[in-house]
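Structure data follow from model_36.cif (mmCIF, C-alpha atoms):
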data_start
#
loop_
_atom_site.label_atom_id
_atom_site.label_comp_id
_atom_site.auth_asym_id
_atom_site.auth_seq_id
_atom_site.Cartn_x
_atom_site.Cartn_y
_atom_site.Cartn_z
CA MET A 274 27.90 -13.44 -0.85
CA ALA A 275 24.22 -12.68 -1.14
CA HIS A 276 22.93 -11.01 -4.30
CA ILE A 277 19.76 -9.34 -5.45
CA THR A 278 18.84 -11.20 -8.61
CA ALA A 279 15.55 -9.52 -9.46
CA SER A 280 12.93 -7.02 -8.40
CA VAL A 281 9.19 -7.54 -8.64
CA TYR A 282 6.57 -4.80 -8.52
CA THR A 283 2.87 -5.22 -7.92
CA SER A 284 -0.26 -3.52 -6.64
CA HIS A 285 -1.71 -4.98 -3.45
CA VAL A 286 -5.46 -4.26 -3.70
CA PRO A 287 -7.35 -5.93 -0.79
CA ALA A 288 -10.23 -6.96 -3.08
CA ILE A 289 -7.75 -9.13 -5.02
CA GLY A 290 -7.12 -11.05 -1.80
CA ALA A 291 -10.85 -11.40 -1.23
CA ALA A 292 -11.38 -12.61 -4.82
CA LEU A 293 -8.69 -15.27 -4.33
CA ASP A 294 -9.92 -16.36 -0.92
CA LEU A 295 -13.55 -16.60 -2.09
CA GLY A 296 -12.68 -18.50 -5.30
CA LYS A 297 -13.75 -15.74 -7.71
CA THR A 298 -10.60 -15.72 -9.84
CA HIS A 299 -12.37 -17.02 -12.95
CA GLU A 300 -15.22 -14.53 -12.85
CA ALA A 301 -15.25 -12.20 -15.86
CA TYR A 302 -14.40 -9.21 -13.65
CA TRP A 303 -11.30 -10.83 -12.12
CA ASP A 304 -10.07 -13.12 -14.88
CA PRO A 305 -7.98 -10.45 -16.68
CA VAL A 306 -6.29 -9.46 -13.40
CA PHE A 307 -5.18 -13.00 -12.57
CA LYS A 308 -4.10 -13.73 -16.16
CA GLY A 309 -1.57 -10.94 -15.72
CA TYR A 310 0.04 -12.92 -12.89
CA GLU A 311 0.28 -16.33 -14.55
CA PHE A 312 3.78 -15.59 -15.83
CA VAL A 313 5.27 -14.60 -12.49
CA LYS A 314 4.09 -17.80 -10.75
CA GLN A 315 5.94 -19.94 -13.27
CA TRP A 316 8.96 -17.63 -13.27
CA GLU A 317 9.26 -17.84 -9.47
CA LYS A 318 9.31 -21.66 -9.64
CA GLU A 319 12.40 -21.35 -11.82
CA GLN A 320 14.02 -18.51 -9.89
CA LYS A 321 13.69 -20.20 -6.47
CA PRO A 322 14.60 -17.14 -4.36
CA ASP A 323 16.10 -17.87 -0.95
CA VAL A 324 14.68 -14.69 0.61
CA VAL A 325 12.36 -11.87 -0.45
CA VAL A 326 12.67 -8.37 0.97
CA LEU A 327 9.08 -7.23 0.65
CA VAL A 328 8.54 -3.46 0.71
CA PHE A 329 4.93 -2.73 1.63
CA ASN A 330 2.77 -0.49 3.73
CA ASP A 331 0.61 -1.23 6.71
CA HIS A 332 -2.96 0.07 6.46
CA ALA A 333 -3.82 1.00 10.05
CA THR A 334 -3.37 -2.62 11.09
CA ALA A 335 -0.09 -3.19 12.94
CA PHE A 336 0.53 0.54 13.32
CA SER A 337 -2.28 2.70 14.67
CA LEU A 338 -1.69 6.41 15.32
CA GLU A 339 0.17 5.46 18.50
CA MET A 340 3.33 4.96 16.49
CA ILE A 341 4.02 5.83 12.87
CA PRO A 342 7.47 4.64 11.78
CA THR A 343 8.59 6.03 8.43
CA PHE A 344 10.69 2.95 7.64
CA ALA A 345 10.42 -0.28 9.64
CA ILE A 346 12.21 -3.57 9.05
CA GLY A 347 10.86 -6.83 10.44
CA THR A 348 13.50 -8.90 12.23
CA ALA A 349 11.09 -11.46 13.71
CA ALA A 350 11.10 -15.23 13.12
CA GLU A 351 7.49 -15.15 11.91
CA TYR A 352 4.48 -12.92 11.27
CA ALA A 353 0.78 -13.77 11.42
CA PRO A 354 -1.69 -12.63 8.72
CA ALA A 355 -3.73 -9.85 10.36
CA ASP A 356 -7.45 -9.63 11.04
CA GLU A 357 -8.31 -6.37 9.28
CA GLY A 358 -11.94 -6.50 10.37
CA TRP A 359 -13.13 -9.15 7.94
CA GLY A 360 -11.16 -11.97 9.66
CA PRO A 361 -7.55 -12.97 8.82
CA ARG A 362 -6.91 -14.08 5.24
CA PRO A 363 -6.64 -17.89 5.00
CA VAL A 364 -3.00 -17.80 3.91
CA PRO A 365 0.14 -19.34 5.42
CA LYS A 366 1.99 -17.52 8.16
CA VAL A 367 4.98 -15.55 6.99
CA ILE A 368 8.39 -16.90 8.01
CA GLY A 369 11.02 -14.22 8.47
CA HIS A 370 14.79 -14.21 8.03
CA PRO A 371 15.98 -12.62 11.29
CA LYS A 372 19.68 -13.00 10.51
CA LEU A 373 19.66 -11.25 7.14
CA ALA A 374 17.13 -8.68 8.41
CA ALA A 375 19.37 -7.78 11.35
CA HIS A 376 22.33 -7.54 8.99
CA ILE A 377 20.41 -5.17 6.70
CA ALA A 378 19.33 -3.06 9.69
CA GLN A 379 22.87 -2.85 11.02
CA SER A 380 24.28 -1.84 7.64
CA VAL A 381 21.54 0.55 6.49
CA ILE A 382 21.33 2.42 9.81
CA GLN A 383 25.07 2.99 9.68
CA ASP A 384 24.48 4.29 6.17
CA ASP A 385 22.29 7.09 7.66
CA PHE A 386 18.82 5.54 7.18
CA ASP A 387 17.19 5.45 10.60
CA LEU A 388 15.08 2.31 10.46
CA THR A 389 12.65 1.23 13.14
CA ILE A 390 13.21 -2.39 14.10
CA VAL A 391 10.09 -4.50 14.55
CA ASN A 392 10.08 -7.84 16.33
CA ARG A 393 6.33 -8.28 16.55
CA MET A 394 3.92 -7.38 13.78
CA ASP A 395 0.84 -8.86 12.14
CA VAL A 396 0.98 -8.37 8.38
CA ASP A 397 -2.01 -7.09 6.44
CA HIS A 398 -3.10 -7.30 2.79
CA GLY A 399 -0.27 -4.94 1.82
CA LEU A 400 2.09 -7.87 2.34
CA THR A 401 -0.08 -10.97 1.85
CA VAL A 402 -1.80 -9.98 -1.41
CA PRO A 403 1.53 -9.64 -3.27
CA LEU A 404 2.60 -13.03 -1.85
CA SER A 405 -0.62 -14.63 -3.12
CA LEU A 406 -0.33 -13.01 -6.55
CA VAL A 407 3.29 -14.00 -7.05
CA PHE A 408 3.44 -17.41 -5.33
CA GLY A 409 -0.19 -18.47 -5.80
CA GLN A 410 -2.41 -20.34 -3.37
CA VAL A 411 0.06 -22.52 -1.50
CA ASP A 412 0.24 -24.35 1.83
CA ALA A 413 3.48 -22.61 2.79
CA TRP A 414 5.28 -19.65 1.21
CA PRO A 415 8.30 -21.02 -0.68
CA CYS A 416 10.90 -18.88 1.11
CA PRO A 417 11.46 -16.58 4.10
CA ILE A 418 10.24 -13.00 3.77
CA ILE A 419 11.67 -9.83 5.32
CA PRO A 420 8.80 -7.35 5.72
CA PHE A 421 9.89 -3.78 5.14
CA ALA A 422 7.12 -1.33 6.05
CA VAL A 423 6.95 2.24 4.77
CA ASN A 424 4.61 4.92 6.08
CA VAL A 425 2.51 6.08 3.15
CA VAL A 426 -0.62 6.70 5.27
CA GLN A 427 0.20 9.87 7.18
CA TYR A 428 1.65 12.69 5.12
CA PRO A 429 4.44 13.57 4.60
CA VAL A 430 5.56 10.16 3.46
CA PRO A 431 9.24 9.69 2.58
CA SER A 432 10.24 11.29 -0.71
CA GLY A 433 10.80 9.25 -3.84
CA ARG A 434 14.45 10.28 -3.71
CA ARG A 435 14.84 9.06 -0.14
CA CYS A 436 13.23 5.75 -1.07
CA PHE A 437 15.49 5.34 -4.09
CA MET A 438 18.63 6.03 -2.03
CA LEU A 439 17.41 3.63 0.66
CA GLY A 440 17.11 0.94 -2.01
CA ARG A 441 20.74 1.54 -2.92
CA ALA A 442 21.73 1.17 0.74
CA ILE A 443 19.75 -2.09 1.04
CA ARG A 444 21.58 -3.48 -2.00
CA LYS A 445 24.93 -2.59 -0.45
CA ALA A 446 23.87 -4.29 2.78
CA ILE A 447 22.79 -7.49 1.03
CA GLU A 448 26.03 -7.66 -0.97
CA THR A 449 28.03 -7.73 2.26
CA TYR A 450 26.14 -10.71 3.68
CA ASP A 451 28.36 -13.78 3.71
CA GLU A 452 25.94 -16.56 2.75
CA PRO A 453 25.37 -17.10 -0.99
CA LEU A 454 21.68 -16.18 -1.02
CA ASN A 455 19.47 -15.48 -4.02
CA VAL A 456 17.55 -12.43 -2.80
CA GLN A 457 14.63 -10.68 -4.49
CA ILE A 458 13.28 -7.29 -3.54
CA TRP A 459 9.64 -6.45 -4.18
CA GLY A 460 8.02 -3.01 -4.32
CA THR A 461 4.27 -3.01 -3.80
CA GLY A 462 1.23 -0.70 -3.76
CA GLY A 463 -0.32 1.63 -6.33
CA MET A 464 -0.88 2.27 -9.11
CA SER A 465 -3.19 5.26 -9.53
CA HIS A 466 -6.10 5.21 -7.09
CA GLN A 467 -7.97 7.43 -4.71
CA LEU A 468 -10.13 5.94 -1.97
CA GLN A 469 -11.47 9.10 -0.36
CA GLY A 470 -13.52 12.20 -0.97
CA PRO A 471 -15.56 13.26 -4.00
CA ARG A 472 -12.59 12.53 -6.31
CA ALA A 473 -12.56 8.83 -5.25
CA GLY A 474 -12.23 6.46 -8.19
CA LEU A 475 -9.59 8.50 -9.96
CA ILE A 476 -7.46 6.49 -12.42
CA ASN A 477 -4.74 7.88 -14.66
CA ARG A 478 -3.73 5.25 -17.20
CA GLU A 479 -1.40 7.51 -19.14
CA TRP A 480 0.48 8.65 -16.04
CA ASP A 481 0.79 5.08 -14.71
CA ASN A 482 2.30 3.84 -17.94
CA ALA A 483 4.72 6.75 -18.09
CA PHE A 484 5.70 5.88 -14.50
CA LEU A 485 6.42 2.29 -15.57
CA ASP A 486 8.50 3.50 -18.53
CA ARG A 487 10.56 5.80 -16.34
CA LEU A 488 10.91 3.23 -13.57
CA ILE A 489 12.47 0.89 -16.11
CA ASN A 490 14.60 3.35 -18.05
CA ASP A 491 15.29 6.39 -15.91
CA PRO A 492 14.61 5.69 -12.23
CA ASP A 493 17.09 8.33 -11.10
CA SER A 494 15.07 11.18 -12.61
CA LEU A 495 11.78 9.54 -11.63
CA SER A 496 12.93 9.49 -8.01
CA ARG A 497 13.02 13.30 -8.06
CA LEU A 498 9.31 13.59 -8.78
CA PRO A 499 7.70 15.60 -5.95
CA HIS A 500 4.86 14.17 -3.84
CA ILE A 501 2.34 16.63 -5.21
CA ASP A 502 2.67 15.11 -8.68
CA TYR A 503 1.68 11.68 -7.33
CA VAL A 504 -1.25 13.14 -5.38
CA ARG A 505 -2.55 15.31 -8.20
CA GLU A 506 -2.01 12.88 -11.08
CA ALA A 507 -2.33 9.42 -9.49
CA GLY A 508 -4.71 10.12 -6.59
CA SER A 509 -4.16 10.51 -2.87
CA GLU A 510 -3.40 6.79 -2.47
CA GLY A 511 -1.28 6.67 -5.64
CA ILE A 512 1.52 7.98 -3.42
CA GLU A 513 2.13 4.33 -2.46
CA LEU A 514 4.20 4.16 -5.65
CA VAL A 515 7.19 5.72 -3.86
CA MET A 516 7.69 2.21 -2.42
CA TRP A 517 8.48 0.90 -5.90
CA LEU A 518 11.51 3.20 -5.92
CA ILE A 519 13.05 1.33 -2.97
CA ALA A 520 13.03 -1.91 -4.96
CA ARG A 521 14.21 -0.14 -8.10
CA GLY A 522 17.03 1.59 -6.20
CA ALA A 523 18.32 -1.84 -5.16
CA MET A 524 19.06 -2.93 -8.75
CA ASN A 525 22.66 -3.13 -10.04
CA ASP A 526 22.40 -0.30 -12.59
CA THR A 527 21.87 2.33 -9.88
CA ASP A 528 25.46 1.74 -8.81
CA GLY A 529 27.33 1.41 -12.08
CA GLY A 530 26.06 -2.04 -13.07
CA LYS A 531 24.20 -3.12 -16.20
CA LYS A 532 20.60 -2.20 -16.94
CA PRO A 533 18.08 -4.84 -15.85
CA THR A 534 16.02 -6.91 -18.28
CA VAL A 535 12.26 -6.46 -18.32
CA ARG A 536 10.86 -9.99 -17.97
CA HIS A 537 7.22 -9.08 -17.66
CA ARG A 538 5.00 -6.01 -17.68
CA PHE A 539 1.27 -5.88 -17.02
CA TYR A 540 -1.32 -3.17 -16.50
CA HIS A 541 -5.06 -3.45 -15.96
CA VAL A 542 -7.97 -1.28 -14.82
CA PRO A 543 -9.81 -1.88 -12.54
CA ALA A 544 -9.43 -4.03 -9.47
CA SER A 545 -12.08 -2.53 -7.23
CA ASN A 546 -10.98 1.16 -7.00
CA THR A 547 -7.47 0.71 -8.31
CA ALA A 548 -5.26 0.43 -11.37
CA VAL A 549 -3.17 -2.74 -11.19
CA GLY A 550 0.46 -2.61 -12.30
CA HIS A 551 3.00 -5.41 -12.29
CA LEU A 552 6.59 -5.56 -13.46
CA ILE A 553 9.53 -7.97 -13.22
CA LEU A 554 13.10 -6.74 -13.65
CA GLU A 555 16.04 -9.16 -13.69
CA ASN A 556 19.55 -8.04 -12.83
CA ASN A 557 22.26 -8.65 -15.44
CA MET B 128 6.44 30.82 8.92
CA SER B 129 3.77 28.37 7.84
CA LEU B 130 4.53 25.03 6.23
CA ASP B 131 4.21 24.55 2.50
CA LYS B 132 1.10 22.50 1.69
CA PRO B 133 0.92 22.33 -2.10
CA TYR B 134 -1.89 19.76 -1.94
CA MET B 135 -4.61 22.14 -0.77
CA ASP B 136 -5.88 22.86 -4.30
CA VAL B 137 -6.47 19.24 -5.37
CA PRO B 138 -10.24 18.94 -5.87
CA GLY B 139 -12.29 16.54 -3.73
CA THR B 140 -9.18 15.43 -1.83
CA THR B 141 -8.06 15.82 1.78
CA ILE B 142 -4.48 14.94 2.55
CA PHE B 143 -4.06 13.25 5.92
CA ASP B 144 -1.10 15.22 7.23
CA ALA B 145 0.26 15.77 10.73
CA ASP B 146 -2.29 18.54 11.43
CA LYS B 147 -5.22 16.37 10.34
CA SER B 148 -3.80 13.46 12.30
CA ARG B 149 -3.69 15.53 15.47
CA GLU B 150 -7.28 16.69 14.93
CA GLY B 151 -8.49 13.16 14.22
CA TYR B 152 -6.43 11.22 16.74
CA HIS B 153 -9.30 9.99 18.94
CA LEU B 154 -11.64 9.47 15.98
CA ASN B 155 -9.08 7.25 14.28
CA GLN B 156 -8.19 5.40 17.47
CA PHE B 157 -11.91 4.73 18.04
CA CYS B 158 -11.97 3.20 14.53
CA MET B 159 -8.91 1.15 15.40
CA SER B 160 -10.70 -0.29 18.44
CA LEU B 161 -13.19 -1.90 16.02
CA MET B 162 -10.47 -4.35 14.99
CA LYS B 163 -11.55 -6.41 18.02
CA ALA B 164 -14.72 -8.50 17.71
CA GLU B 165 -15.91 -7.71 21.25
CA ASN B 166 -15.62 -3.99 20.59
CA ARG B 167 -17.54 -4.32 17.31
CA ALA B 168 -20.30 -6.07 19.23
CA ARG B 169 -20.41 -3.39 21.92
CA PHE B 170 -20.42 -0.60 19.31
CA LYS B 171 -23.26 -2.24 17.37
CA ALA B 172 -25.30 -2.78 20.54
CA ASN B 173 -25.21 0.92 21.45
CA GLU B 174 -23.27 3.17 19.10
CA ARG B 175 -23.80 6.38 21.03
CA ALA B 176 -22.71 4.87 24.36
CA TYR B 177 -19.60 3.34 22.79
CA LEU B 178 -18.66 6.65 21.13
CA ASP B 179 -19.09 8.46 24.43
CA GLU B 180 -16.24 6.40 25.85
CA TRP B 181 -13.91 8.28 23.49
CA PRO B 182 -12.77 11.90 23.91
CA MET B 183 -14.00 12.77 20.40
CA THR B 184 -15.77 16.01 19.50
CA GLU B 185 -19.54 15.98 19.21
CA GLU B 186 -19.19 16.70 15.48
CA GLN B 187 -16.96 13.67 15.04
CA LYS B 188 -19.38 11.43 16.91
CA GLN B 189 -22.32 12.69 14.84
CA ALA B 190 -20.38 12.15 11.59
CA VAL B 191 -19.74 8.52 12.64
CA LEU B 192 -23.40 7.97 13.60
CA ASP B 193 -24.43 9.44 10.22
CA ARG B 194 -21.78 7.31 8.42
CA ASP B 195 -20.83 10.54 6.66
CA LEU B 196 -17.32 9.60 5.60
CA ASN B 197 -16.60 12.92 3.86
CA ARG B 198 -17.42 14.73 7.10
CA CYS B 199 -15.29 12.24 9.08
CA ILE B 200 -12.37 13.00 6.78
CA GLN B 201 -12.88 16.76 7.16
CA LEU B 202 -12.71 16.24 10.92
CA GLY B 203 -9.40 14.38 10.81
CA GLY B 204 -10.45 10.84 9.94
CA ASN B 205 -8.26 8.75 7.67
CA ILE B 206 -9.78 6.35 5.18
CA TYR B 207 -7.78 3.30 6.32
CA PHE B 208 -9.03 3.84 9.87
CA LEU B 209 -12.58 4.70 8.78
CA ALA B 210 -12.60 1.43 6.81
CA LYS B 211 -12.92 -0.36 10.17
CA ILE B 212 -16.41 1.18 10.52
CA GLY B 213 -17.21 -0.14 7.05
CA ALA B 214 -15.97 -3.60 8.01
CA THR B 215 -18.15 -3.47 11.13
CA ASP B 216 -21.13 -2.59 8.93
CA GLY B 217 -20.23 -5.32 6.43
CA ARG B 218 -19.47 -2.90 3.60
CA SER B 219 -16.74 -3.32 1.00
CA PHE B 220 -14.03 -0.77 0.36
CA GLN B 221 -15.63 0.01 -2.97
CA GLN B 222 -18.97 0.73 -1.31
CA MET B 223 -17.23 3.05 1.13
CA ALA B 224 -15.24 4.89 -1.53
CA GLY B 225 -18.31 5.23 -3.72
CA SER B 226 -20.37 6.64 -0.84
CA MET B 227 -18.13 9.73 -0.78
CA THR B 228 -18.66 10.64 -4.42
CA GLY B 229 -22.40 11.34 -4.45
CA MET B 230 -22.85 8.50 -6.96
CA SER B 231 -24.98 5.41 -6.54
CA GLU B 232 -23.14 2.18 -5.78
CA GLU B 233 -23.97 0.87 -9.25
CA ALA B 234 -22.92 4.07 -11.05
CA TYR B 235 -19.61 4.11 -9.17
CA ARG B 236 -18.91 0.47 -9.97
CA ASP B 237 -19.73 1.09 -13.65
CA MET B 238 -17.40 4.08 -13.71
CA MET B 239 -14.57 1.92 -12.37
CA VAL B 240 -15.24 -0.87 -14.88
CA LYS B 241 -15.08 1.72 -17.67
CA GLY B 242 -11.62 2.84 -16.56
CA GLY B 243 -12.29 5.01 -13.51
CA ARG B 244 -12.72 8.72 -12.95
CA SER B 245 -10.86 10.73 -15.56
CA ILE B 246 -8.00 12.97 -14.51
CA GLU B 247 -9.14 15.59 -17.04
CA GLY B 248 -10.70 18.49 -15.15
CA ASN B 249 -9.76 16.89 -11.84
CA ARG B 250 -6.28 18.25 -11.22
CA TYR B 251 -7.02 21.67 -9.68
CA THR B 252 -9.98 23.08 -7.79
CA GLY B 253 -12.02 25.41 -9.99
CA GLU B 254 -10.61 23.86 -13.15
CA LYS B 255 -13.09 23.72 -16.05
CA LYS B 256 -14.21 20.17 -16.83
#
Do you think you could lay out the structure here as structure tokens?
Amino acid sequence: MAHITASVYTSHVPAIGAALDLGKTHEAYWDPVFKGYEFVKQWEKEQKPDVVVLVFNDHATAFSLEMIPTFAIGTAAEYAPADEGWGPRPVPKVIGHPKLAAHIAQSVIQDDFDLTIVNRMDVDHGLTVPLSLVFGQVDAWPCPIIPFAVNVVQYPVPSGRRCFMLGRAIRKAIETYDEPLNVQIWGTGGMSHQLQGPRAGLINREWDNAFLDRLINDPDSLSRLPHIDYVREAGSEGIELVMWLIARGAMNDTDGGKKPTVRHRFYHVPASNTAVGHLILENN
Amino acid sequence: MSLDKPYMDVPGTTIFDADKSREGYHLNQFCMSLMKAENRARFKANERAYLDEWPMTEEQKQAVLDRDLNRCIQLGGNIYFLAKIGATDGRSFQQMAGSMTGMSEEAYRDMMVKGGRSIEGNRYTGEKK
């Protein structure tokens, strides 16, 4: 049987990708950001996941306004890093896990979550920046990845509650997969940031840290937070944080299991316009 | 009965909802076309002519020509789509975000390094700072 062993959470700021790709990681501005990710790189070498379900959002790259799926699971064999206008990031292509992805789709759709199934998709910084931060600069990603895209661009985005319950359904799906796979689920995006309008540059350190506390200790109540609280307190793009609730909902304690262990927690302002948050939770 | 939009009183913020998306459809799809190098080249060679190929409103076209991102957003543009114009112009996301605040590029960058724009006084329109 497959099991989710851990969940990883991280921001996915595009400028972090640019800093990595242009060799700026040791500049004074970026050094503190990358120091916060030294632990996870080592930890992943020990964990050796077989598959990562990577919850992310597309930023007007694979999905224009022609189609806006609320939840989309990638069932393809591979995905190319996208050209977002600055040229594709020089990172390895992403290898999928079509068999497990199809299994998750089959199970979760029958559990009342109407996923869109995607067999062709270029993946943008929302997916590749977390891979670079967690696995480092490598010639090939160490395991297959199942991209799971969430619409957080056009409002209304799915509610925190819906995301949390979807995470629970994904966990159930993975636990009924016959191969003994070590699966991780990652939630990405956030933390507080606003990229538009006269309020651009908004950061709310206190709110972000309270979010992390509640994500760890009381995700059920956190999942009931209305959208307007994210928008008002964490900025219009801070709403990406609902994606973290999918990963959190997939942990054992949401279904009667033991509380997870916090292996690492990191917070830093700024990376470009954004507050960077990063968390590792291990299942017990 | 009208829909509940509790986000209308957040200062300096436009939420890209289904109504805005409808209004900005062609503007955003024009931006999307700039993902292709040949389209970027054609746009740069003659911006007005390229814009005229799209069924956008005159106001939307003028806002693009002026690179007035706040106006683009008022007219239905979304920042992730508008970022393609910035990429075409060789501008970073931080330069684009900063351009909407009325601050200089340097002042905006300094504000971010010092921890970003404070939430205090920035929750509700008309709130005292």
(Q) From (-9.5, 3.1, -20.0), in the file's coordinates, out to 10 Å: which residues are reached, counting only C-alpha atoms? Answer as a PyMOL selection string. (A) (chain A and resi 476-479+541-543+548) or (chain B and resi 239-245)
Which residues of chain A come within 8 Å of chain B, and for each one, what is the closest pair of atoms and their distance in Å to one decimal, counting all atoms listed in the file, sorted by chain and residue number, as JSON lines?
{"residue": "A:His332", "atom": "CA", "partner": "B:Tyr207", "partner_atom": "CA", "distance": 5.8}
{"residue": "A:Ala333", "atom": "CA", "partner": "B:Tyr207", "partner_atom": "CA", "distance": 5.9}
{"residue": "A:Thr334", "atom": "CA", "partner": "B:Met159", "partner_atom": "CA", "distance": 8.0}
{"residue": "A:Ser337", "atom": "CA", "partner": "B:Met159", "partner_atom": "CA", "distance": 6.8}
{"residue": "A:Leu338", "atom": "CA", "partner": "B:Tyr152", "partner_atom": "CA", "distance": 6.9}
{"residue": "A:Asp356", "atom": "CA", "partner": "B:Met162", "partner_atom": "CA", "distance": 7.3}
{"residue": "A:Glu357", "atom": "CA", "partner": "B:Met162", "partner_atom": "CA", "distance": 6.4}
{"residue": "A:Gly358", "atom": "CA", "partner": "B:Met162", "partner_atom": "CA", "distance": 5.3}
{"residue": "A:Trp359", "atom": "CA", "partner": "B:Ala214", "partner_atom": "CA", "distance": 6.2}
{"residue": "A:Val426", "atom": "CA", "partner": "B:Phe143", "partner_atom": "CA", "distance": 7.4}
{"residue": "A:Gln427", "atom": "CA", "partner": "B:Asp144", "partner_atom": "CA", "distance": 5.5}
{"residue": "A:Tyr428", "atom": "CA", "partner": "B:Asp144", "partner_atom": "CA", "distance": 4.3}
{"residue": "A:Pro429", "atom": "CA", "partner": "B:Asp144", "partner_atom": "CA", "distance": 6.4}
{"residue": "A:Leu468", "atom": "CA", "partner": "B:Ala224", "partner_atom": "CA", "distance": 5.2}
{"residue": "A:Gln469", "atom": "CA", "partner": "B:Ala224", "partner_atom": "CA", "distance": 5.8}
{"residue": "A:Gly470", "atom": "CA", "partner": "B:Met227", "partner_atom": "CA", "distance": 5.2}
{"residue": "A:Pro471", "atom": "CA", "partner": "B:Thr228", "partner_atom": "CA", "distance": 4.1}
{"residue": "A:Arg472", "atom": "CA", "partner": "B:Gly139", "partner_atom": "CA", "distance": 4.8}
{"residue": "A:Ala473", "atom": "CA", "partner": "B:Ala224", "partner_atom": "CA", "distance": 6.0}
{"residue": "A:Gly474", "atom": "CA", "partner": "B:Arg244", "partner_atom": "CA", "distance": 5.3}
{"residue": "A:Leu475", "atom": "CA", "partner": "B:Arg244", "partner_atom": "CA", "distance": 4.3}
{"residue": "A:Ile476", "atom": "CA", "partner": "B:Gly243", "partner_atom": "CA", "distance": 5.2}
{"residue": "A:Asn477", "atom": "CA", "partner": "B:Ile246", "partner_atom": "CA", "distance": 6.0}
{"residue": "A:Ile501", "atom": "CA", "partner": "B:Tyr134", "partner_atom": "CA", "distance": 6.2}
{"residue": "A:Val504", "atom": "CA", "partner": "B:Tyr134", "partner_atom": "CA", "distance": 7.5}
{"residue": "A:Arg505", "atom": "CA", "partner": "B:Arg250", "partner_atom": "CA", "distance": 5.6}
{"residue": "A:Glu506", "atom": "CA", "partner": "B:Arg250", "partner_atom": "CA", "distance": 6.9}
{"residue": "A:Ser509", "atom": "CA", "partner": "B:Ile142", "partner_atom": "CA", "distance": 7.0}
{"residue": "A:Val542", "atom": "CA", "partner": "B:Gly242", "partner_atom": "CA", "distance": 5.8}
{"residue": "A:Pro543", "atom": "CA", "partner": "B:Val240", "partner_atom": "CA", "distance": 6.0}
{"residue": "A:Ser545", "atom": "CA", "partner": "B:Gln221", "partner_atom": "CA", "distance": 6.1}
{"residue": "A:Asn546", "atom": "CA", "partner": "B:Gln221", "partner_atom": "CA", "distance": 6.3}
The residue from A:Ser465, A:Val549, A:Gly369, A:Asn330 with the smallest atom-to-atom distance to Trp303 (chain A), counting all atoms listed in the file, is A:Val549
Practice item. Find the residues near region 433-437 of chain A: any atom within 8 Å, counting all atoms listed in the file, skip ones fewer than 6 places away on the same chain, and give them as a list in words. Key: Asp493, Leu495, Ser496, Arg497, Leu498, Pro499, His500, Val515, Met516, Leu518, Ile519, Ala520, Arg521, Gly522 and Ala523 of chain A
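For the choices A:Ala378, A:Val324, A:Val286, A:Leu485, the atom-to-atom distance to Gly462 (chain A) is smallest for A:Val286 when using all atoms listed in the file.
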* To do: For the structure shown, which residues end up in the PyMOL selection byres ((chain A and resi 343) around 9)? Put them as number ranges by chain, please?
  => A: 341-342, 344-345, 387-389, 422-425, 430-431
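Here CA of Glu186 (chain B) and CA of Gly508 (chain A) stand 27.2 Å from one another.
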Region 144-156 of chain B, all listed atoms, 5 Å padding on each side: what axis-aligned box centre and edge lengths in Å to one decimal come out, as lines of an AutoDock Vina configuration file?
center_x = -5.7
center_y = 12.0
center_z = 13.1
size_x = 21.9
size_y = 23.1
size_z = 21.7
Determine the residue set returned by the PyMOL selection byres ((chain A and resi 555) around 7) for the present structure, and present it as a VMD selection string.
-> chain A and resid 278 to 280 533 to 536 553 to 554 556 to 557
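From CA of His537 (chain A) back to CA of Glu448 (chain A), the distance works out to 25.2 Å.
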Expected answer as a list of chain:residue names: all residues with atoms within 6 Å of (-10.5, 17.3, 15.6), only C-alpha atoms: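 Neighbouring residues, ordered by chain and number, come to B:Glu150, B:Gly151, B:Leu202, B:Gly203.
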| field | CA of Ile277 (chain A) to CA of Asn455 (chain A), distance in Å rounded to a single decimal | value |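 Between CA of Ile277 (chain A) and CA of Asn455 (chain A) the gap is 6.3 Å.
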Please list as a PyMOL selection string every residue within 6 Å of Phe329 (chain A), counting only C-alpha atoms and excluding residues in the same chain fewer than 3 positions away. chain A and resi 399-400+422+461
Shortest contact to Trp181 (chain B), candidates B:Asp216, B:Thr252, B:Leu154, B:Glu233, atoms counted only C-alpha atoms, goes to B:Leu154
